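Participant: Dropping a structure here in structure tokens format, bear with me for questions.
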Amino acid sequence: MFTLSALAQEKNKTRFGKISPDDFQKTRYELDTGAHAVVLADIGSTEFITKDAHFNLLYKYFRRVKILDKTGYEAANEEIYLYGSGDDEQKLTSLKAACYNLVNGQVVETKMDSKDVFTQEIDKEQRVKKFTLPAVKEGSIIEFFYTVTYPSEFILPSWYFQGEYPVLWSEYSVGIPQVLEYVFNAQGYQKFETKTREDAMKTFSFHYDPKGVYGTSSGQTEHFTMNANVSTFRWVAKDVPVLKEEAFTTSLINHITKISFQLAARKYPGNPVEQIMGTWQQLAKDMMKSESYGAPLDNYNNFLNDIVSQLTQGAASDEEKARNIYAYVRNNYACTDYNARYMDKSLKSVFTSRNGNVAEVNLLLVAMLRKAGLTAYPVILSTRRHGYTNAQYPLISKFNYTIADVELADGPHYLDAAYALGFGKLHASCYNGHARILDTAARAVSFNADSLPDQRTTAIFLVADKDGLKGSLQQWLSYNNSYNLRGVIHDKGKEAYFNSLAKSYPKLSGAEIADLDSLDAPVTIKYDFALNTGDDEMLYINPMLGEALQSNPFKSQQRLYPVEMPAKVAYDYVLNMQIPAGYEVEELPKSTVVKFNDTEGLFQYVIEKTDAAIQFRSRIRLNKTYFPPDEYESLRSFYDMIVKKQGEQIVLKKKK
């Protein structure tokens, strides 16, 4: 994968403090003519060094940015996040920064003072260094350089080739000793200008107290050296555009061009290979032993006895027990954080306070299901905004959400009490692929968006009367669309919801929403309306009324990453319309049927007339949710055609 070539030896000549008047001449960059700032150089490296008996890492970072307008001033603000505490603390070991302006043809440098660097303590394990470059104005060039030491080889810094500004040159290099084995995770759609590997021998020196490891220092230090081959990997990307978020994207985290690493094994001479990256089974075991996760599910939770007995008394089946317990937790506990990997407080505190983060609420649910004698497990997953997980690598950092699995006679039922959902229903954000059940086998399970329908069926009848057309509408929504509607009505009320429809459906009356409060069922909407056609010579009526697709959600001419829809599309629309007395059909839209990728999608637009009526049917189908970049143009064209076709009108003319 890594090769040497003449191109591979190309080096960036940018150096800290080396600024000339010519550097200020360019004020517009074709890479992104609308950019507010552009990164001229983004260069990082990681070197393995030794401290005492261990490897440390030395990370170096240099950035130079051209500020193009006032909105780009934000690029002069920087935050450096540091983790750990005590001997395991990441440390900022050097920092210098400066701003350059061109004044009367001369470069004027303004250095940042060390007193302008602030430290914010986020928690015991995390803090951030913040600074803002001085003297920034339109046309300024800013740059900074810093180093961070990492206390072990366990965390090898990642590198992002894309960010919020276009980047002319992005480079990262890392030299890895052969005694350490890392998994490389590369992603993104930006091609590398350079990707090389060079090998060279290096001597590492270690020193340690032979008795200190047992807690009684001898006061003497022993030294040893180790010769090891070091492989230096180098990646360079040039003219990297900003990856802008567009419609139907899970998370840009999944698509931004970056390289990350995971320590897999240590292979020191004369010692057996030490596997660092464990198995899914070991991860599940560790999670279930953790006091901040699985341990409280079966221990010290007798405070649940009374409520579980009440909820299960008289239940005729295990499913009824599970439904009662689920409904109780869902209806009585508020979720305070939908992005939480562990519990922050005890299970008893969650129980008594009636609130908690998503892990706390759903772990309480699992504990109560188990207390009722049911087989239940936590399930960890990553929500769509958090990014994909990888089934090959058991990394808990990739997960951010917990749901419950209860095993009943007809199979597993997945429950989430953090949302107002029906039994066995999950929020659309959970449909992000690979997840893990935390039983002893750490079984894999997948929640795919392809299994979730975005379904809407609408039937409209228009009957002619003396004032024009009287209409009745009935609409059936899929479960998740029903969930979204319940949220709208909860926030704004029924009246506001129906008022929002009045423009498309005037004189709206008799509005009903069936099963609005029945969380296990989808809703049905009904209402009547009236179209006053007047006495015009010509009548123009869109047969889609208020249900037409108004605009193409795919705005960009091209797209560098996939389209990831939240559900499969299934929209059906039927109209039966009487022709108003005294009118006849002057013009009808033409019927059409268009397939997308043969069997992957369909658009039907079928219209017919008789002497007294018009029958119309529109159908949209997309049978998958994931469309790679090379299918974007055809998908965009497919939607363009739908928008155009659904905008066509029936033309009626007064009879002579």
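The way I read the labels, and the way they are meant: chains A, B, ... in the order of the structure tokens, residue 1 as the first residue of every chain, and ligand 1 as the first ligand shown, with later ones counted on from there.
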Pick out each residue of range 131-327 of chain A that DSSP on the backbone tags as alpha helix (DSSP H); I need them as a list in words.
Facilitator: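 Alpha helix (DSSP H) assignments inside range 131-327 of chain A correspond to Trp280, Gln281, Gln282, Leu283, Ala284, Lys285, Asp286, Met287, Met288, Lys289, Asn305, Asp306, Ile307, Val308, Ser309, Gln310, Leu311, Thr312, Asp318, Glu319, Glu320, Lys321, Ala322, Arg323, Asn324, Ile325, Tyr326 and Ala327 of chain A.
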Participant: Taking the chain letters and numbering used in this document, name the residues of range 470-598 of chain A that DSSP puts in strand (DSSP E), as number ranges by chain.
Facilitator: A: 470-477, 509-514, 524-532, 538-541, 563-564, 568-578, 583-587, 592-596
Participant: Hey, what's within 9 Å of Arg559 in chain A if we count only C-alpha atoms and toss same-chain stuff fewer than 4 positions away? As a list of chain:residue names, please?
Facilitator: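 So the residues in contact are A:Glu246, A:Val563, A:Pro629, A:Asp630, A:Tyr632, A:Glu633.
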Participant: One decimal, Å: what's the distance from CA of Asn576 in chain A over to CA of Thr599 in chain A, could you say?
Facilitator: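 The value is 28.6 Å.
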Participant: With only C-alpha atoms as the atoms that count, which of A:Ala464, A:Tyr81, A:Met368, A:Lys348 lies nearest to Ile122 in chain A?
Facilitator: A:Tyr81
Participant: Taking into account only C-alpha atoms, which residue in the set A:Val358, A:Val463, A:Leu652, A:Leu40 is nearest to Phe24 in chain A?
Facilitator: A:Leu40
Participant: List the neighbours of Gly582 in chain A out to 12 Å using only C-alpha atoms; skip same-chain residues closer than 3 positions along the sequence, and give me the result as a PyMOL selection string.
Facilitator: chain A and resi 464-466+468+533-539+578-579+585+611-612+652-656
Participant: So how many Å separate CA of Gly175 in chain A and CA of Glu10 in chain A, to one decimal?
Facilitator: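 Here the two named atoms are 18.2 Å from each other.
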Participant: Which residues, written as a ChimeraX atom specification, have at least one atom at most 9 Å from Leu588 in chain A, with only C-alpha atoms counted and residues fewer than 2 positions away on the same chain left out?
Facilitator: /A:585-586,590-591,607-609,648-652
Participant: Need the shell around Glu193 in chain A: protein/DNA/RNA residues with any atom at most 10 Å away, counting only C-alpha atoms. Skip same-chain ones fewer than 3 positions apart. Format as a list in words?
Facilitator: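 Final neighbour list, sorted by chain and number: Leu7, Ala8, Glu10, Trp169, Ser170, Glu171, Gln190, Trp235, Val236, Ala237, Lys238 and Asp239 of chain A.
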Participant: Mind writing the picked residues with C-alpha atoms as a PDB file, in the first residue's frame?
Facilitator:
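Printed below is part17.pdb as written:
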```
ATOM      1  CA  LEU A   7       6.382  12.409  -6.145  1.00  0.00           C
ATOM      2  CA  ALA A   8       6.491  10.771  -2.720  1.00  0.00           C
ATOM      3  CA  GLU A  10       7.771  16.140  -2.370  1.00  0.00           C
ATOM      4  CA  TRP A 169      -1.674  20.983   2.039  1.00  0.00           C
ATOM      5  CA  SER A 170      -2.409  18.413   4.753  1.00  0.00           C
ATOM      6  CA  GLU A 171       0.359  16.084   5.890  1.00  0.00           C
ATOM      7  CA  GLN A 190     -10.148  12.450  -0.773  1.00  0.00           C
ATOM      8  CA  TRP A 235       0.313  10.760   4.033  1.00  0.00           C
ATOM      9  CA  VAL A 236      -0.141  13.972   2.054  1.00  0.00           C
ATOM     10  CA  ALA A 237      -3.393  15.351   0.640  1.00  0.00           C
ATOM     11  CA  LYS A 238      -3.510  18.522  -1.448  1.00  0.00           C
ATOM     12  CA  ASP A 239      -6.367  20.906  -2.239  1.00  0.00           C
TER      13      ASP A 239
END
```
Participant: Can you list, as a list in words, every protein, DNA or RNA residue that comes within 8 Å of Ala567 in chain A when you count only C-alpha atoms, leaving out same-chain residues fewer than 2 positions away?
Facilitator: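 Near Ala567 in chain A, the qualifying residues are Ala449, Asp450, Ser451, Leu452, Pro453, Asp454, Met565, Val569, Lys624 and Thr625 of chain A.
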Participant: Between CA of Ile67 in chain A and CA of Ser140 in chain A, what distance in Å does the model show, to one decimal?
Facilitator: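 That distance, rounded to one decimal, is 5.3 Å.
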Participant: Would you tabulate, counting only C-alpha atoms, all residues of range 170-274 of chain A that have an atom at most 12 Å from an atom of range 555-558 of chain A, showing the closest pair of atoms and their distance in Å to one decimal, sorted by chain then ascending number, as JSON lines?
Facilitator:
```
{"residue": "A:Leu243", "atom": "CA", "partner": "A:Gln558", "partner_atom": "CA", "distance": 11.8}
{"residue": "A:Lys244", "atom": "CA", "partner": "A:Ser556", "partner_atom": "CA", "distance": 10.0}
{"residue": "A:Glu245", "atom": "CA", "partner": "A:Ser556", "partner_atom": "CA", "distance": 10.5}
{"residue": "A:Glu246", "atom": "CA", "partner": "A:Ser556", "partner_atom": "CA", "distance": 8.1}
{"residue": "A:Ala247", "atom": "CA", "partner": "A:Lys555", "partner_atom": "CA", "distance": 8.4}
{"residue": "A:Phe248", "atom": "CA", "partner": "A:Lys555", "partner_atom": "CA", "distance": 11.4}
```
